[in-house]
>>> print(open('upload18.cif').read())   # mmCIF, C-alpha atoms
data_input
#
loop_
_atom_site.label_atom_id
_atom_site.label_comp_id
_atom_site.auth_asym_id
_atom_site.auth_seq_id
_atom_site.Cartn_x
_atom_site.Cartn_y
_atom_site.Cartn_z
CA MET A 757 6.65 6.61 27.56
CA ASN A 758 7.11 5.74 23.90
CA TYR A 759 7.94 2.24 22.62
CA PHE A 760 11.63 3.00 22.27
CA GLU A 761 11.87 4.34 25.81
CA LEU A 762 9.94 1.36 27.10
CA PHE A 763 12.71 -0.82 25.66
CA GLY A 764 15.47 1.47 26.98
CA LEU A 765 16.33 2.70 23.50
CA LYS A 766 16.76 6.06 21.84
CA PRO A 767 14.29 6.62 18.99
CA ASP A 768 16.30 5.36 16.02
CA TYR A 769 15.48 3.39 12.89
CA THR A 770 18.51 1.15 13.30
CA VAL A 771 17.91 -1.33 16.11
CA ASP A 772 19.69 -4.44 17.29
CA LEU A 773 16.96 -7.06 16.90
CA ALA A 774 18.69 -9.58 19.18
CA SER A 775 18.82 -7.11 22.04
CA VAL A 776 15.23 -5.99 21.39
CA SER A 777 14.11 -9.63 21.68
CA LYS A 778 16.10 -10.05 24.88
CA THR A 779 14.59 -6.92 26.43
CA TYR A 780 11.16 -8.13 25.35
CA ARG A 781 11.55 -11.43 27.20
CA GLU A 782 12.83 -9.64 30.32
CA LEU A 783 9.97 -7.15 30.32
CA GLN A 784 7.45 -9.90 29.67
CA MET A 785 8.70 -11.77 32.71
CA GLN A 786 8.66 -8.68 34.84
CA PHE A 787 5.00 -7.99 34.06
CA HIS A 788 3.81 -11.56 33.73
CA PRO A 789 0.30 -12.05 35.22
CA ASP A 790 1.63 -14.86 37.47
CA LYS A 791 3.71 -12.30 39.33
CA PHE A 792 0.57 -10.35 40.14
CA ALA A 793 -1.58 -13.30 41.22
CA THR A 794 -1.83 -11.98 44.78
CA ALA A 795 -1.66 -8.29 43.91
CA SER A 796 -4.55 -5.88 44.25
CA GLN A 797 -7.10 -5.61 41.48
CA SER A 798 -5.76 -2.26 40.32
CA ASP A 799 -2.15 -3.53 40.27
CA LYS A 800 -3.30 -6.55 38.26
CA LEU A 801 -4.99 -4.31 35.77
CA ALA A 802 -1.96 -2.01 35.52
CA ALA A 803 0.34 -5.00 34.91
CA MET A 804 -1.99 -6.32 32.22
CA GLN A 805 -1.99 -2.98 30.46
CA LYS A 806 1.78 -2.81 30.71
CA ALA A 807 2.12 -6.34 29.29
CA SER A 808 -0.08 -5.44 26.35
CA GLN A 809 1.91 -2.24 25.75
CA ILE A 810 5.14 -4.27 25.81
CA ASN A 811 3.66 -6.59 23.24
CA ASP A 812 2.60 -3.74 20.95
CA ALA A 813 6.01 -2.14 21.34
CA PHE A 814 7.80 -5.35 20.40
CA GLN A 815 5.63 -5.89 17.30
CA THR A 816 6.36 -2.32 16.24
CA LEU A 817 10.07 -2.30 16.98
CA LYS A 818 10.88 -5.57 15.25
CA SER A 819 9.14 -4.70 11.95
CA PRO A 820 11.14 -2.30 9.76
CA LEU A 821 8.01 -0.79 8.26
CA ARG A 822 6.10 -0.35 11.51
CA ARG A 823 9.22 0.95 13.22
CA ALA A 824 9.67 3.57 10.51
CA GLU A 825 5.98 4.54 10.68
CA TYR A 826 6.20 4.81 14.44
CA LEU A 827 9.31 6.99 14.30
CA LEU A 828 7.53 9.27 11.87
CA SER A 829 4.46 9.41 14.09
CA LEU A 830 6.73 10.53 16.96
CA ALA A 831 7.91 13.29 14.64
CA GLY A 832 4.29 14.25 13.97
CA VAL A 833 3.89 12.55 10.57
CA ASP A 834 0.94 10.15 10.66
CA LEU A 835 1.18 7.56 7.89
CA GLN A 836 -1.00 4.85 9.37
CA HIS A 837 -4.26 6.67 8.88
CA GLU A 838 -3.47 8.57 5.74
CA GLN A 839 -5.58 8.01 2.65
CA GLN A 840 -3.37 10.02 0.40
CA THR A 841 -2.64 8.68 -3.05
CA LEU A 842 0.86 8.28 -4.41
CA ARG A 843 1.36 9.86 -7.84
CA ASP A 844 4.85 8.99 -8.95
CA PRO A 845 4.43 7.69 -12.53
CA ALA A 846 7.91 6.13 -12.87
CA PHE A 847 7.70 4.30 -9.57
CA LEU A 848 4.12 3.15 -10.18
CA MET A 849 4.89 2.04 -13.73
CA GLN A 850 7.61 -0.16 -12.29
CA GLN A 851 5.12 -1.51 -9.73
CA MET A 852 2.65 -2.27 -12.53
CA GLU A 853 5.33 -4.09 -14.50
CA TRP A 854 6.39 -6.15 -11.51
CA ARG A 855 2.81 -7.18 -10.85
CA GLU A 856 2.42 -8.16 -14.49
CA GLN A 857 5.66 -10.13 -14.21
CA LEU A 858 4.26 -11.89 -11.17
CA GLU A 859 1.24 -12.99 -13.23
CA GLU A 860 3.55 -14.29 -15.94
CA ILE A 861 5.60 -16.25 -13.42
CA ALA A 862 2.44 -17.95 -12.24
CA GLN A 863 1.86 -19.18 -15.81
CA SER A 864 5.43 -20.11 -16.63
CA ARG A 865 6.91 -23.59 -17.04
CA ASP A 866 9.73 -23.12 -14.57
CA PRO A 867 8.31 -20.78 -11.92
CA ASP A 868 10.85 -21.72 -9.21
CA SER A 869 13.92 -20.22 -10.86
CA GLU A 870 11.93 -17.18 -11.95
CA ILE A 871 10.63 -16.67 -8.44
CA SER A 872 14.12 -16.65 -6.97
CA ALA A 873 15.36 -14.19 -9.60
CA PHE A 874 12.34 -11.98 -8.95
CA ALA A 875 12.81 -12.17 -5.19
CA LYS A 876 16.43 -11.06 -5.58
CA GLN A 877 15.36 -8.08 -7.68
CA LEU A 878 12.78 -7.03 -5.08
CA ALA A 879 15.23 -7.47 -2.21
CA CYS A 880 17.74 -5.28 -4.01
CA HIS A 881 15.21 -2.46 -4.45
CA GLN A 882 14.02 -2.81 -0.87
CA ASP A 883 17.59 -2.54 0.40
CA THR A 884 18.15 0.64 -1.58
CA LEU A 885 14.97 2.22 -0.22
CA GLN A 886 15.81 1.14 3.32
CA GLN A 887 19.31 2.62 3.11
CA GLN A 888 17.82 5.89 1.88
CA LEU A 889 15.36 5.72 4.77
CA VAL A 890 18.20 5.41 7.30
CA THR A 891 19.87 8.47 5.79
CA THR A 892 16.76 10.64 5.61
CA LEU A 893 15.64 9.73 9.13
CA ALA A 894 19.11 10.50 10.48
CA ALA A 895 18.90 13.87 8.72
CA GLN A 896 15.40 14.38 10.20
CA SER A 897 14.01 14.90 6.69
CA TYR A 898 10.69 13.46 7.74
CA GLN A 899 8.70 14.26 4.60
CA ASP A 900 11.32 12.55 2.44
CA ALA A 901 11.36 9.64 4.86
CA ALA A 902 7.56 9.42 4.66
CA LEU A 903 7.75 9.15 0.88
CA LEU A 904 10.25 6.30 1.19
CA VAL A 905 8.03 4.49 3.69
CA ARG A 906 5.09 4.81 1.28
CA LYS A 907 7.21 3.26 -1.45
CA LEU A 908 8.38 0.51 0.87
CA LYS A 909 4.76 -0.37 1.56
CA PHE A 910 4.30 -1.15 -2.13
CA MET A 911 7.49 -3.22 -2.07
CA PHE A 912 6.31 -5.22 0.94
CA LYS A 913 2.95 -5.77 -0.71
CA LEU A 914 4.72 -7.17 -3.77
CA GLN A 915 6.79 -9.40 -1.56
CA GLN A 916 3.62 -10.68 0.10
CA GLU A 917 2.11 -11.42 -3.31
CA LEU A 918 5.27 -13.29 -4.27
CA GLU A 919 5.10 -15.36 -1.10
CA LEU A 920 1.44 -16.17 -1.77
CA LEU A 921 2.37 -17.29 -5.27
CA GLU A 922 5.14 -19.51 -3.89
CA GLU A 923 2.71 -21.09 -1.45
CA SER A 924 0.11 -21.68 -4.14
CA LEU A 925 2.70 -23.47 -6.27
CA LEU A 926 3.53 -25.82 -3.42
CA GLU A 927 -0.03 -27.05 -3.21
CA MET B 1493 -16.06 -8.19 5.64
CA ALA B 1494 -18.93 -8.52 3.19
CA TYR B 1495 -18.73 -6.89 -0.20
CA SER B 1496 -21.86 -5.32 -1.66
CA ASP B 1497 -23.53 -6.96 -4.66
CA LYS B 1498 -22.33 -4.13 -6.90
CA VAL B 1499 -18.72 -4.62 -5.84
CA ILE B 1500 -18.99 -8.35 -6.45
CA ASP B 1501 -20.57 -7.75 -9.87
CA HIS B 1502 -17.75 -5.41 -10.95
CA TYR B 1503 -15.14 -7.69 -9.42
CA GLU B 1504 -16.42 -10.79 -11.17
CA ASN B 1505 -17.24 -9.03 -14.45
CA PRO B 1506 -14.88 -6.08 -14.61
CA ARG B 1507 -15.75 -3.63 -17.39
CA ASN B 1508 -13.13 -2.29 -19.77
CA VAL B 1509 -10.05 -4.10 -18.51
CA GLY B 1510 -6.97 -3.53 -20.61
CA SER B 1511 -4.67 -0.91 -22.05
CA PHE B 1512 -4.38 1.62 -24.84
CA GLU B 1513 -1.09 2.58 -26.45
CA LYS B 1514 0.15 5.17 -24.00
CA ASN B 1515 2.09 7.13 -26.64
CA ASP B 1516 -1.06 7.71 -28.69
CA PRO B 1517 -1.66 11.50 -28.51
CA GLN B 1518 -5.37 10.85 -27.89
CA VAL B 1519 -4.67 8.62 -24.90
CA ALA B 1520 -4.33 9.94 -21.37
CA THR B 1521 -2.82 7.71 -18.70
CA GLY B 1522 -3.35 8.09 -14.98
CA LEU B 1523 -1.21 6.01 -12.66
CA VAL B 1524 -1.92 6.10 -8.94
CA GLY B 1525 -1.18 3.97 -5.90
CA ALA B 1526 -2.53 3.67 -2.37
CA PRO B 1527 0.31 3.29 0.12
CA ALA B 1528 -2.11 2.13 2.80
CA CYS B 1529 -2.70 -1.18 1.00
CA GLY B 1530 -0.16 -1.26 -1.83
CA ASP B 1531 -2.85 -1.17 -4.53
CA VAL B 1532 -1.84 0.15 -7.95
CA MET B 1533 -4.32 1.52 -10.49
CA LYS B 1534 -3.88 2.51 -14.12
CA LEU B 1535 -6.70 4.37 -15.84
CA GLN B 1536 -6.52 5.28 -19.51
CA LEU B 1537 -8.89 7.58 -21.37
CA LYS B 1538 -9.25 7.94 -25.11
CA ILE B 1539 -10.14 11.55 -25.75
CA SER B 1540 -11.57 13.02 -28.94
CA ASP B 1541 -10.31 16.30 -30.40
CA ASP B 1542 -13.30 18.14 -28.94
CA GLY B 1543 -12.44 16.90 -25.45
CA ILE B 1544 -14.96 14.08 -25.04
CA ILE B 1545 -13.91 10.79 -23.45
CA GLU B 1546 -14.72 8.20 -26.11
CA ASP B 1547 -13.38 5.14 -24.37
CA ALA B 1548 -11.72 4.11 -21.13
CA LYS B 1549 -9.71 1.15 -19.91
CA PHE B 1550 -8.20 0.19 -16.58
CA LYS B 1551 -5.82 -2.21 -14.99
CA THR B 1552 -5.81 -2.49 -11.22
CA TYR B 1553 -3.80 -4.64 -8.88
CA GLY B 1554 -5.60 -4.58 -5.60
CA CYS B 1555 -8.58 -5.70 -3.58
CA GLY B 1556 -12.13 -6.19 -4.84
CA SER B 1557 -13.14 -2.66 -3.88
CA ALA B 1558 -10.25 -1.12 -5.82
CA ILE B 1559 -11.08 -3.18 -8.90
CA ALA B 1560 -14.79 -2.35 -8.62
CA SER B 1561 -14.06 1.37 -8.15
CA SER B 1562 -11.91 1.55 -11.26
CA SER B 1563 -14.29 -0.60 -13.30
CA LEU B 1564 -17.20 1.67 -12.34
CA VAL B 1565 -15.22 4.78 -13.21
CA THR B 1566 -14.49 3.51 -16.75
CA GLU B 1567 -18.25 3.16 -17.26
CA TRP B 1568 -19.03 6.56 -15.81
CA VAL B 1569 -16.47 8.62 -17.73
CA LYS B 1570 -17.44 7.39 -21.20
CA GLY B 1571 -19.19 10.12 -23.17
CA LYS B 1572 -18.28 12.77 -20.59
CA SER B 1573 -16.22 15.90 -21.20
CA LEU B 1574 -12.98 16.26 -19.25
CA GLU B 1575 -14.63 18.82 -16.97
CA GLU B 1576 -17.52 16.46 -16.22
CA ALA B 1577 -15.15 13.57 -15.57
CA ALA B 1578 -13.02 15.72 -13.29
CA ALA B 1579 -16.13 16.46 -11.23
CA ILE B 1580 -16.62 12.80 -10.25
CA LYS B 1581 -16.07 12.56 -6.51
CA ASN B 1582 -14.89 9.63 -4.49
CA THR B 1583 -18.07 9.95 -2.43
CA ASP B 1584 -20.13 9.26 -5.59
CA ILE B 1585 -18.11 6.09 -6.17
CA SER B 1586 -18.25 4.86 -2.58
CA ALA B 1587 -21.99 5.57 -2.39
CA GLU B 1588 -22.71 3.70 -5.64
CA LEU B 1589 -20.67 0.68 -4.52
CA ALA B 1590 -21.72 0.91 -0.84
CA LEU B 1591 -18.08 0.78 0.26
CA PRO B 1592 -17.45 0.38 3.98
CA PRO B 1593 -15.32 3.07 5.72
CA VAL B 1594 -12.13 0.95 5.59
CA LYS B 1595 -12.42 0.83 1.80
CA ILE B 1596 -13.02 4.51 1.17
CA HIS B 1597 -9.39 4.87 0.07
CA CYS B 1598 -10.21 2.65 -2.94
CA SER B 1599 -12.72 5.23 -4.17
CA ILE B 1600 -10.22 8.03 -3.47
CA LEU B 1601 -7.74 6.11 -5.60
CA ALA B 1602 -10.22 5.92 -8.49
CA GLU B 1603 -11.04 9.65 -8.25
CA ASP B 1604 -7.34 10.49 -8.22
CA ALA B 1605 -6.76 8.20 -11.22
CA ILE B 1606 -9.21 10.32 -13.27
CA LYS B 1607 -7.41 13.50 -12.17
CA ALA B 1608 -3.99 12.00 -12.95
CA ALA B 1609 -5.18 10.96 -16.42
CA ILE B 1610 -6.56 14.44 -17.13
CA ASP B 1611 -3.30 16.01 -15.95
CA ASP B 1612 -1.42 13.66 -18.25
CA TYR B 1613 -3.63 14.72 -21.17
CA LYS B 1614 -3.11 18.41 -20.45
CA SER B 1615 0.64 17.99 -20.25
CA LYS B 1616 0.56 16.06 -23.54
CA LYS B 1617 -1.42 18.87 -25.19
CA ALA B 1618 0.71 21.63 -23.72
#
>>> encode(input="upload18.cif", output="structure tokens")
Amino acid sequence: MNYFELFGLKPDYTVDLASVSKTYRELQMQFHPDKFATASQSDKLAAMQKASQINDAFQTLKSPLRRAEYLLSLAGVDLQHEQQTLRDPAFLMQQMEWREQLEEIAQSRDPDSEISAFAKQLACHQDTLQQQLVTTLAAQSYQDAALLVRKLKFMFKLQQELELLEESLLE
Amino acid sequence: MAYSDKVIDHYENPRNVGSFEKNDPQVATGLVGAPACGDVMKLQLKISDDGIIEDAKFKTYGCGSAIASSSLVTEWVKGKSLEEAAAIKNTDISAELALPPVKIHCSILAEDAIKAAIDDYKSKKA
């Protein structure tokens, strides 16, 4: 049973997060160790494994990136263990420039307003990539979708760096 | 995870950080990225008319191993012909820096950066 099936869903990139959270709580209760306190050792073990699978499924389904990677893995495209390099000069040049910009923001006099402008710019690009991802996955163009997921990974990394910078400025 | 002394040395004292003018006909630029970790690496080679790499610079946004791999590569390629530089393997880099298995992709990134730079040079010359 794959993670989507476990949550009573069809494999699809677009998910209703509220209903996923609700299903998660229901499943968690159903397989809670307390309910198996008097069960046999093998039933206890099975429930524990199920609970851990439910947990993994929830972590995967609620994250856009992990959900996309998982969908691709169901389609036979393994991104999680790939060590392939991306060679898209225009995209990477933009990534370089953004990372340079991030360094400049750290040195600037008014980082707060620059951070929010930068965050908006990143969010806009992420949205575009995510919309393209929805379209390509719906069209089952898995190689195109994989390329978009790779790009999104760079975007999320940038976002992480931005959040780290914000935190460091608060200190 | 512990970094090797060589990684720490390159990370703390990176060699040849910086940029050349990318429109200079003698300059080859290789831009590569590792989706697994979001690292981005730029390697630039200054190549003489007889095809010898006279100088190299890099700029890498990434972990210590990615920075060390690119720093090491700038040292290694200097004085080499394009063919010799193209023969540098990621396994040479990871062995020299004693990279752990989870960081092998950093050395792959550095190898691919050399190849991307050489491709850029060939397309410039074509």
>>> interface_residues(input="upload18.cif", of="chain B", to="chain A", cutoff="12 Å", atoms="all atoms listed in the file", output="ChimeraX atom specification")
/B:1514,1521-1535,1550-1555,1582,1593-1609,1611-1612
>>> resolve_selection(input="upload18.cif", expression="the PyMOL selection byres ((chain A and resi 898) around 10)", output="PyMOL selection string")
chain A and resi 827-829+831-833+889+892-897+899-904
>>> resolve_selection(input="upload18.cif", expression="the PyMOL selection byres ((chain A and resi 782) around 12)", output="PyMOL selection string")
chain A and resi 762-764+775-781+783-788+807+810-811+814
>>> atom_distance(input="upload18.cif", atom1="atom CA of A:Gln877", atom2="atom CA of A:Gln916")
14.3 Å
>>> resolve_selection(input="upload18.cif", expression="the PyMOL selection byres ((chain A and resi 816-821) around 8)", output="number ranges by chain")
A: 759-760, 769, 771, 773, 776, 812-815, 822-826, 905, 908-909
>>> atom_distance(input="upload18.cif", atom1="atom CA of A:Met804", atom2="atom CA of A:Pro789")
6.9 Å
>>> atom_distance(input="upload18.cif", atom1="atom CA of B:Ser1562", atom2="atom CA of A:Leu858")
21.0 Å
>>> closest_residue(input="upload18.cif", among="A:Cys880, A:Ala862, A:Leu885, A:Ser798", to="A:Glu917", atoms="all atoms listed in the file")
A:Ala862
>>> residues_around(input="upload18.cif", residues="B:Ala1548", least_positions_apart="3", cutoff="10 Å", atoms="only C-alpha atoms", output="list in words")
Arg1507, Asn1508, Val1509, Gly1510, Ser1511, Phe1512, Val1519, Ala1520, Thr1521, Leu1535, Gln1536, Leu1537, Lys1538, Ile1539, Ile1545, Ser1563, Val1565, Thr1566, Glu1567, Trp1568, Val1569, Lys1570 and Gly1571 of chain B
>>> closest_residue(input="upload18.cif", among="B:Lys1616, B:Ala1494, B:Leu1564, B:Gln1518", to="B:Asp1584", atoms="only C-alpha atoms")
B:Leu1564
